[in-house]
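data-v5.tsv follows (TSV, C-alpha atoms):
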chain	number	residue	atom	x	y	z
G	1	MET	CA	18.87	-4.47	-3.04
G	2	ILE	CA	19.06	-1.30	-5.16
G	3	THR	CA	17.01	0.68	-2.67
G	4	LEU	CA	19.28	-0.45	0.16
G	5	MET	CA	22.29	0.73	-1.84
G	6	GLN	CA	20.55	4.06	-2.54
G	7	LYS	CA	19.89	4.42	1.18
G	8	PHE	CA	23.52	3.61	1.99
G	9	ILE	CA	24.82	6.14	-0.55
G	10	ARG	CA	22.37	8.74	0.73
G	11	SER	CA	23.49	8.14	4.32
G	12	ILE	CA	27.16	8.57	3.38
G	13	PHE	CA	26.90	11.44	0.92
G	14	GLY	CA	23.91	13.08	2.62
G	15	ASP	CA	26.26	14.41	5.29
G	16	PHE	CA	28.81	15.53	2.72
G	17	PHE	CA	26.40	17.53	0.56
G	18	GLY	CA	24.17	18.61	3.40
G	19	LYS	CA	21.11	16.62	4.43
G	20	ARG	CA	17.63	17.43	3.19
G	21	LYS	CA	16.37	20.26	5.31
G	22	ASN	CA	12.97	18.98	6.27
G	23	LEU	CA	11.72	15.66	7.47
G	24	ARG	CA	9.14	14.29	5.08
G	25	ILE	CA	6.21	12.39	6.61
G	26	GLY	CA	3.92	10.56	4.19
G	27	LEU	CA	0.38	9.38	4.74
G	28	TYR	CA	-0.22	6.12	2.91
G	29	GLY	CA	-2.93	3.49	2.71
G	30	SER	CA	-5.85	2.14	0.73
G	31	PRO	CA	-8.56	4.50	-0.60
G	32	ASN	CA	-11.09	5.76	1.96
G	33	GLY	CA	-8.98	4.95	4.99
G	34	GLY	CA	-9.03	8.58	6.09
G	35	LYS	CA	-5.61	9.86	5.01
G	36	THR	CA	-6.85	13.30	3.97
G	37	THR	CA	-9.12	13.53	7.02
G	38	LEU	CA	-6.04	12.95	9.18
G	39	ALA	CA	-3.98	15.39	7.08
G	40	ASN	CA	-6.72	17.99	7.59
G	41	LYS	CA	-6.83	17.31	11.34
G	42	ILE	CA	-3.03	17.80	11.61
G	43	CYS	CA	-3.12	20.97	9.49
G	44	VAL	CA	-6.10	22.48	11.33
G	45	ASP	CA	-4.52	21.69	14.72
G	46	TRP	CA	-1.13	23.21	13.88
G	47	LEU	CA	-1.61	25.56	10.91
G	48	GLY	CA	-5.23	26.55	11.28
G	49	GLU	CA	-6.22	25.50	7.76
G	50	GLU	CA	-7.27	22.32	5.96
G	51	MET	CA	-5.14	20.49	3.40
G	52	GLY	CA	-7.57	18.86	0.96
G	53	SER	CA	-11.14	17.85	0.28
G	54	VAL	CA	-12.62	14.62	1.60
G	55	SER	CA	-15.42	12.49	0.21
G	56	SER	CA	-17.13	9.18	0.82
G	57	VAL	CA	-16.49	8.36	-2.86
G	58	ALA	CA	-13.17	6.57	-3.24
G	59	HIS	CA	-10.15	8.25	-4.88
G	60	GLU	CA	-11.05	11.80	-3.86
G	61	THR	CA	-7.31	12.49	-3.49
G	62	ARG	CA	-5.78	11.80	-6.89
G	63	GLU	CA	-2.64	13.91	-6.65
G	64	ILE	CA	0.18	14.08	-4.14
G	65	GLN	CA	-0.46	17.01	-1.80
G	66	ILE	CA	2.25	18.59	0.29
G	67	LYS	CA	1.95	20.93	3.23
G	68	GLU	CA	5.32	22.40	4.08
G	69	GLN	CA	6.67	23.39	7.47
G	70	VAL	CA	4.16	21.78	9.78
G	71	THR	CA	5.39	22.09	13.37
G	72	ILE	CA	3.78	20.09	16.12
G	73	LYS	CA	4.50	20.51	19.82
G	74	SER	CA	4.05	18.19	22.73
G	75	LYS	CA	5.46	18.17	26.27
G	76	GLY	CA	8.08	20.81	25.47
G	77	LYS	CA	9.24	19.04	22.28
G	78	GLU	CA	8.90	20.31	18.72
G	79	LEU	CA	8.78	18.41	15.46
G	80	SER	CA	8.86	20.15	12.07
G	81	PHE	CA	8.13	18.31	8.87
G	82	ASN	CA	6.62	18.46	5.42
G	83	LEU	CA	3.37	16.52	5.37
G	84	VAL	CA	2.69	14.49	2.21
G	85	ASP	CA	-0.84	13.25	1.61
G	86	THR	CA	-0.91	10.54	-1.05
G	87	PRO	CA	-3.67	9.03	-3.20
G	88	GLY	CA	-5.00	5.71	-1.92
G	89	ILE	CA	-3.18	2.68	-3.29
G	90	ALA	CA	-5.37	0.09	-5.00
G	91	THR	CA	-4.95	-2.82	-7.40
G	92	LYS	CA	-8.18	-2.09	-9.27
G	93	ILE	CA	-10.12	0.97	-10.36
G	94	ASP	CA	-13.44	0.66	-12.15
G	95	TYR	CA	-14.99	3.81	-13.60
G	96	GLU	CA	-18.41	2.14	-13.36
G	97	ASP	CA	-18.16	2.35	-9.56
G	98	PHE	CA	-18.18	6.15	-9.92
G	99	ILE	CA	-21.18	6.02	-12.25
G	100	LYS	CA	-23.03	4.03	-9.58
G	101	VAL	CA	-22.65	6.97	-7.17
G	102	GLY	CA	-24.13	9.41	-9.67
G	103	MET	CA	-21.28	10.59	-11.89
G	104	LYS	CA	-21.64	10.99	-15.63
G	105	GLU	CA	-19.68	8.55	-17.78
G	106	ASN	CA	-17.07	11.08	-18.90
G	107	GLU	CA	-16.54	12.38	-15.39
G	108	ALA	CA	-16.27	8.82	-14.06
G	109	LYS	CA	-13.72	7.82	-16.71
G	110	ASN	CA	-11.66	10.93	-16.01
G	111	ARG	CA	-11.72	10.27	-12.30
G	112	ALA	CA	-10.62	6.66	-12.90
G	113	LYS	CA	-7.79	7.80	-15.16
G	114	GLU	CA	-6.59	10.37	-12.64
G	115	ALA	CA	-6.87	7.79	-9.87
G	116	THR	CA	-4.63	5.30	-11.71
G	117	LYS	CA	-2.01	8.02	-12.16
G	118	GLY	CA	-2.35	8.89	-8.48
G	119	VAL	CA	-1.59	5.31	-7.43
G	120	ILE	CA	1.52	5.26	-9.63
G	121	ASP	CA	2.71	8.57	-8.16
G	122	ALA	CA	2.09	7.40	-4.59
G	123	ILE	CA	4.27	4.32	-5.17
G	124	LYS	CA	7.00	6.39	-6.85
G	125	TRP	CA	7.08	8.74	-3.87
G	126	LEU	CA	7.78	5.92	-1.40
G	127	ASP	CA	11.51	6.42	-1.96
G	128	ASP	CA	11.31	10.06	-0.90
G	129	MET	CA	9.74	9.52	2.51
G	130	ASP	CA	11.58	9.70	5.83
G	131	VAL	CA	8.68	8.41	7.92
G	132	VAL	CA	5.41	6.87	6.80
G	133	VAL	CA	2.09	6.79	8.61
G	134	ILE	CA	-0.14	4.06	7.21
G	135	VAL	CA	-3.76	4.99	7.72
G	136	LEU	CA	-5.99	1.92	7.97
G	137	ASP	CA	-9.76	1.79	8.22
G	138	ALA	CA	-10.19	-0.04	11.55
G	139	THR	CA	-13.59	-1.37	10.47
G	140	LYS	CA	-12.07	-3.36	7.60
G	141	ASP	CA	-9.84	-6.42	7.31
G	142	PRO	CA	-6.27	-5.04	7.36
G	143	TYR	CA	-4.64	-8.19	5.98
G	144	THR	CA	-4.85	-7.19	2.32
G	145	GLN	CA	-2.13	-7.54	-0.28
G	146	VAL	CA	-2.03	-3.76	-0.78
G	147	ASN	CA	-1.23	-3.19	2.91
G	148	ILE	CA	1.28	-6.05	2.93
G	149	THR	CA	2.97	-4.67	-0.20
G	150	ILE	CA	3.18	-1.10	1.16
G	151	ILE	CA	4.56	-2.27	4.50
G	152	GLY	CA	6.97	-4.72	2.85
G	153	ASN	CA	8.35	-2.01	0.58
G	154	LEU	CA	8.84	0.40	3.48
G	155	GLN	CA	10.56	-2.35	5.46
G	156	ALA	CA	12.88	-3.04	2.50
G	157	ARG	CA	13.72	0.68	2.33
G	158	ASP	CA	14.26	0.85	6.09
G	159	ILE	CA	11.70	3.65	6.47
G	160	PRO	CA	10.09	3.93	9.93
G	161	VAL	CA	6.38	3.06	9.92
G	162	LEU	CA	3.53	4.00	12.23
G	163	LEU	CA	0.20	2.24	11.79
G	164	VAL	CA	-2.92	4.27	12.49
G	165	ALA	CA	-6.19	2.45	13.07
G	166	ASN	CA	-8.62	5.15	11.98
G	167	LYS	CA	-12.41	5.41	12.51
G	168	ILE	CA	-12.38	4.08	16.09
G	169	ASP	CA	-15.56	6.10	16.65
G	170	LEU	CA	-17.40	3.44	14.64
G	171	LYS	CA	-18.83	0.36	16.39
G	172	LYS	CA	-17.26	-2.09	13.95
G	173	ALA	CA	-13.74	-0.75	14.56
G	174	ASP	CA	-11.30	-3.42	15.73
G	175	ILE	CA	-7.78	-2.26	16.62
G	176	LYS	CA	-6.77	-5.73	17.83
G	177	MET	CA	-7.34	-7.13	14.35
G	178	ILE	CA	-4.74	-4.66	13.01
G	179	GLN	CA	-2.32	-5.39	15.86
G	180	SER	CA	-2.50	-9.13	15.22
G	181	ALA	CA	-2.08	-8.68	11.44
G	182	PHE	CA	1.07	-6.56	11.87
G	183	PRO	CA	2.45	-7.40	15.33
G	184	GLN	CA	5.90	-5.92	14.60
G	185	TYR	CA	4.51	-2.35	14.40
G	186	ASP	CA	3.05	0.16	16.84
G	187	VAL	CA	-0.65	0.76	16.22
G	188	VAL	CA	-2.44	3.90	17.38
G	189	GLY	CA	-6.24	3.96	17.32
G	190	ILE	CA	-7.74	7.32	16.42
G	191	SER	CA	-10.74	9.01	14.93
G	192	ALA	CA	-9.29	11.60	12.54
G	193	LYS	CA	-12.80	12.94	11.97
G	194	TYR	CA	-13.61	13.63	15.63
G	195	GLY	CA	-10.08	13.93	17.00
G	196	ASN	CA	-10.35	10.96	19.39
G	197	ASN	CA	-6.96	9.94	20.79
G	198	ILE	CA	-5.17	12.44	18.57
G	199	ASP	CA	-2.69	13.40	21.31
G	200	GLU	CA	-1.48	9.80	21.50
G	201	PHE	CA	-1.02	9.92	17.72
G	202	TYR	CA	1.15	13.05	17.98
G	203	GLU	CA	3.21	11.40	20.74
G	204	SER	CA	3.75	8.34	18.52
G	205	LEU	CA	4.79	10.62	15.68
G	206	PHE	CA	7.49	12.10	17.91
G	207	LYS	CA	8.72	8.62	18.86
G	208	ILE	CA	8.84	7.27	15.31
G	209	SER	CA	10.49	10.42	13.88
G	210	LYS	CA	13.50	10.37	16.24
Q	211	MET	CA	-16.11	-21.07	-16.99
Q	212	LEU	CA	-13.09	-20.15	-14.89
Q	213	ILE	CA	-9.60	-20.94	-16.12
Q	214	LEU	CA	-6.97	-21.52	-13.45
Q	215	GLN	CA	-3.42	-21.49	-14.78
Q	216	PHE	CA	-0.56	-22.83	-12.70
Q	217	MET	CA	2.89	-21.36	-13.19
Q	218	PRO	CA	5.99	-22.96	-11.67
Q	219	PHE	CA	8.50	-20.40	-10.43
Q	220	ASP	CA	11.05	-21.72	-12.95
Q	221	GLU	CA	9.04	-20.04	-15.71
Q	222	ILE	CA	9.87	-16.59	-14.35
Q	223	ALA	CA	13.09	-17.31	-12.44
Q	224	SER	CA	15.45	-16.16	-15.18
Q	225	LEU	CA	13.42	-13.08	-16.18
Q	226	SER	CA	14.13	-9.52	-15.13
Q	227	SER	CA	11.70	-7.96	-12.65
Q	228	ASP	CA	10.07	-5.97	-15.42
Q	229	LYS	CA	9.51	-9.03	-17.59
Q	230	ARG	CA	8.24	-11.09	-14.66
Q	231	VAL	CA	5.58	-8.53	-13.89
Q	232	SER	CA	4.62	-8.15	-17.57
Q	233	LYS	CA	4.32	-11.92	-18.01
Q	234	LEU	CA	2.00	-12.32	-15.02
Q	235	LEU	CA	-0.14	-9.39	-16.12
Q	236	GLU	CA	-0.45	-10.76	-19.66
Q	237	ILE	CA	-1.93	-14.00	-18.33
Q	238	VAL	CA	-4.36	-12.22	-16.03
Q	239	LYS	CA	-5.45	-9.97	-18.90
Q	240	GLU	CA	-6.50	-13.13	-20.75
Q	241	ASN	CA	-9.16	-13.50	-18.03
Q	242	LYS	CA	-7.35	-16.34	-16.32
Q	243	ILE	CA	-6.74	-16.85	-12.64
Q	244	LEU	CA	-3.06	-17.38	-12.13
Q	245	LEU	CA	-1.57	-19.59	-9.46
Q	246	LEU	CA	2.14	-18.86	-9.16
Q	247	GLU	CA	4.52	-21.03	-7.19
Q	248	GLY	CA	6.31	-18.76	-4.70
Q	249	ARG	CA	6.03	-15.01	-4.64
Q	250	LEU	CA	7.41	-11.87	-6.22
Q	251	ARG	CA	9.92	-9.65	-4.46
Q	252	LYS	CA	8.49	-6.73	-2.49
Q	253	GLU	CA	9.63	-4.22	-5.13
Q	254	GLU	CA	8.14	-6.41	-7.85
Q	255	GLU	CA	4.80	-6.43	-6.05
Q	256	ALA	CA	4.88	-2.62	-6.04
Q	257	GLU	CA	5.89	-2.65	-9.71
Q	258	LEU	CA	2.98	-5.00	-10.43
Q	259	ILE	CA	0.55	-2.47	-8.92
Q	260	LYS	CA	2.14	0.34	-10.96
Q	261	LYS	CA	2.00	-1.63	-14.20
Q	262	THR	CA	-1.58	-2.69	-13.47
Q	263	MET	CA	-2.55	0.97	-13.11
Q	264	GLU	CA	-0.85	1.82	-16.40
Q	265	THR	CA	-2.81	-0.95	-18.11
Q	266	ILE	CA	-6.29	-0.15	-16.81
Q	267	ASP	CA	-8.82	0.81	-19.50
Q	268	ASP	CA	-12.54	0.41	-20.14
Q	269	ASP	CA	-12.26	-3.40	-20.27
Q	270	PHE	CA	-9.41	-4.20	-17.91
Q	271	LYS	CA	-10.30	-2.92	-14.44
Q	272	GLY	CA	-7.26	-4.12	-12.54
Q	273	ILE	CA	-6.39	-7.18	-10.48
Q	274	GLU	CA	-7.01	-8.92	-7.21
Q	275	ILE	CA	-4.00	-10.59	-5.65
Q	276	GLY	CA	-3.24	-12.66	-2.57
Q	277	VAL	CA	-0.18	-14.45	-1.23
Q	278	ILE	CA	0.05	-17.40	1.10
Q	279	TYR	CA	3.41	-17.44	2.76
Q	280	PRO	CA	4.64	-19.79	5.49
Q	281	LYS	CA	5.96	-18.22	8.70
Q	282	ASP	CA	9.50	-19.23	9.52
Q	283	LYS	CA	9.53	-18.55	13.24
Q	284	ASP	CA	11.06	-21.93	14.18
Q	285	LYS	CA	14.19	-21.46	12.08
Q	286	ASP	CA	17.45	-20.46	13.69
Q	287	PHE	CA	19.41	-17.35	12.70
Q	288	LEU	CA	21.87	-19.08	10.35
Q	289	ASN	CA	19.12	-20.94	8.51
Q	290	LYS	CA	17.17	-17.70	8.08
Q	291	ILE	CA	20.24	-15.96	6.61
Q	292	ARG	CA	20.90	-18.89	4.29
Q	293	GLU	CA	17.29	-18.92	3.13
Q	294	ASN	CA	17.24	-15.13	2.62
Q	295	MET	CA	20.38	-15.34	0.49
Q	296	ILE	CA	18.86	-18.10	-1.66
Q	297	ASN	CA	15.63	-16.10	-2.03
Q	298	LEU	CA	17.61	-13.01	-3.00
Q	299	LEU	CA	19.59	-14.83	-5.65
Q	300	LEU	CA	17.07	-17.32	-7.03
Q	301	GLY	CA	13.69	-15.89	-6.03
Q	302	ASP	CA	11.31	-16.93	-3.30
Q	303	ARG	CA	9.61	-20.24	-4.14
Q	304	ARG	CA	7.89	-20.74	-0.81
Q	305	GLY	CA	4.13	-20.32	-0.58
Q	306	PHE	CA	2.11	-19.28	-3.61
Q	307	THR	CA	0.56	-16.24	-5.21
Q	308	ILE	CA	-2.92	-16.12	-6.64
Q	309	MET	CA	-4.06	-13.31	-8.89
Q	310	GLY	CA	-6.93	-12.69	-11.24
Q	311	PRO	CA	-8.65	-9.90	-13.16
Q	312	ALA	CA	-10.91	-7.69	-11.06
Q	313	THR	CA	-13.76	-8.31	-13.51
Q	314	ILE	CA	-13.74	-11.98	-12.43
Q	315	VAL	CA	-12.26	-11.97	-8.94
Q	316	LYS	CA	-14.29	-9.66	-6.74
Q	317	GLU	CA	-12.24	-10.05	-3.59
Q	318	ILE	CA	-9.45	-12.12	-2.11
Q	319	LYS	CA	-9.47	-12.53	1.65
Q	320	GLN	CA	-6.31	-13.89	3.12
Q	321	ASP	CA	-4.46	-14.68	6.29
Q	322	PRO	CA	-1.04	-16.31	6.50
Q	323	ASN	CA	-2.47	-19.81	6.05
Q	324	LYS	CA	-5.69	-19.46	4.06
Q	325	ILE	CA	-7.05	-17.67	1.01
Q	326	GLN	CA	-10.71	-17.10	0.15
Q	327	LEU	CA	-11.49	-16.08	-3.38
Q	328	PHE	CA	-14.82	-14.45	-4.21
Q	329	THR	CA	-15.78	-14.32	-7.87
Q	330	THR	CA	-18.18	-12.04	-9.75
Q	331	SER	CA	-20.93	-13.09	-12.12
Q	332	TYR	CA	-19.00	-11.53	-15.00
Q	333	THR	CA	-18.83	-13.55	-18.22
Q	334	PRO	CA	-15.73	-12.79	-20.30
Q	335	LYS	CA	-16.27	-11.81	-23.94
Q	336	SER	CA	-15.18	-14.68	-26.16
Just give me the structure of the file as structure tokens.
Amino acid sequence: MITLMQKFIRSIFGDFFGKRKNLRIGLYGSPNGGKTTLANKICVDWLGEEMGSVSSVAHETREIQIKEQVTIKSKGKELSFNLVDTPGIATKIDYEDFIKVGMKENEAKNRAKEATKGVIDAIKWLDDMDVVVIVLDATKDPYTQVNITIIGNLQARDIPVLLVANKIDLKKADIKMIQSAFPQYDVVGISAKYGNNIDEFYESLFKISK
Amino acid sequence: MLILQFMPFDEIASLSSDKRVSKLLEIVKENKILLLEGRLRKEEEAELIKKTMETIDDDFKGIEIGVIYPKDKDKDFLNKIRENMINLLLGDRRGFTIMGPATIVKEIKQDPNKIQLFTTSYTPKS
């Protein structure tokens, strides 16, 4: 209710005080879905440089990262936005998982602590997004409470959502599973790592950002 | 031994969002699996994740949570509005929420009509 009121006030007074200059597009999802890989792909394609580091160990992105003034072009159209890469949202973080992949105890505990702060920041930033791309690992069951909570909160805030089924280069990938879990949303299957179907993703970004 | 604690929605109905979330987390931190009648609001679910993250330490590793919620596709427009108003004012008592500590509940798999709960071999300290 409060967020709806905030949105209403913003829509009325936004015009009066001058709207925020740049569209803000956020990449959200669970850890290891490929948010930063997609952010890097977008930045390399349109700015010629990467945005952040990627790793197979979960919670590599533990701080909000912003790339300003990204402009993408397609079929004579242009879309400029600030790209926000967020830490993966999780309901549990166990430092022992990091020890299992070879980290020392102190390093693992630090990473866990930073990761918890990252999740909190990612949730706080939901209110500041104009459009959200939810990056899902297409090889995994999408019907998790984290995904349902993120989508539900965006719906409540009336923020446009695009679902990306990432990792379609992998045999286990199943886009239909994501479509049937969230039938009310458009789903674009891509491989952020290899660039498969990335043009369709950019087209969908234009459509959702209207 | 696993302890499953049932909580009728009435127990949290009159609480503020903040207190609702804190109450549920307190129970889960006692190494119990909580079965709540109904569900939290969307913003409360997000708040629950935030609060969980603030609470994580060497012993408490977070939570697993799942919600079973009936689809209301057969209801007409007026009934949906009426139900949404009631849910907004009194809370949503349909379906149920299950949550437990991540040290005990390894994974919760869910679809709209079914929940599977996988437990770990962890034995809580007495």
Check: which chain Q residues lie within 9 Å of chain G using only C-alpha atoms, as number ranges by chain: Q: 252-253, 255-264, 266-268, 270-277, 298, 311-312, 318-322
Atom-to-atom span, atom CA of Gln179 of chain G and atom CA of Arg251 of chain Q, Å: 24.1 Å
Atom-to-atom span, atom CA of Ile243 of chain Q and atom CA of Gly301 of chain Q, Å: 21.5 Å
Segment 29-32 of chain G surroundings by all atoms listed in the file, 6 Å radius, close-in-sequence under 4 positions cut, as a list of chain:residue names: G:Ala58, G:His59, G:Gly88, G:Ile89, G:Ile134, G:Val135
Test item: residues at most 7 Å from Glu68 of chain G, all atoms listed in the file, excluding those fewer than 6 positions along its chain, as a PyMOL selection string: chain G and resi 81-83
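Our summary of the geometry notes that atom CA of Gly48 of chain G is positioned 16.7 Å from atom CA of Asp199 of chain G.
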Near-Asp137 of chain G list (9 Å; only C-alpha atoms; drop same-chain fewer than 6 positions) as a PyMOL selection string: chain G and resi 29-30+32-34+164-168+173
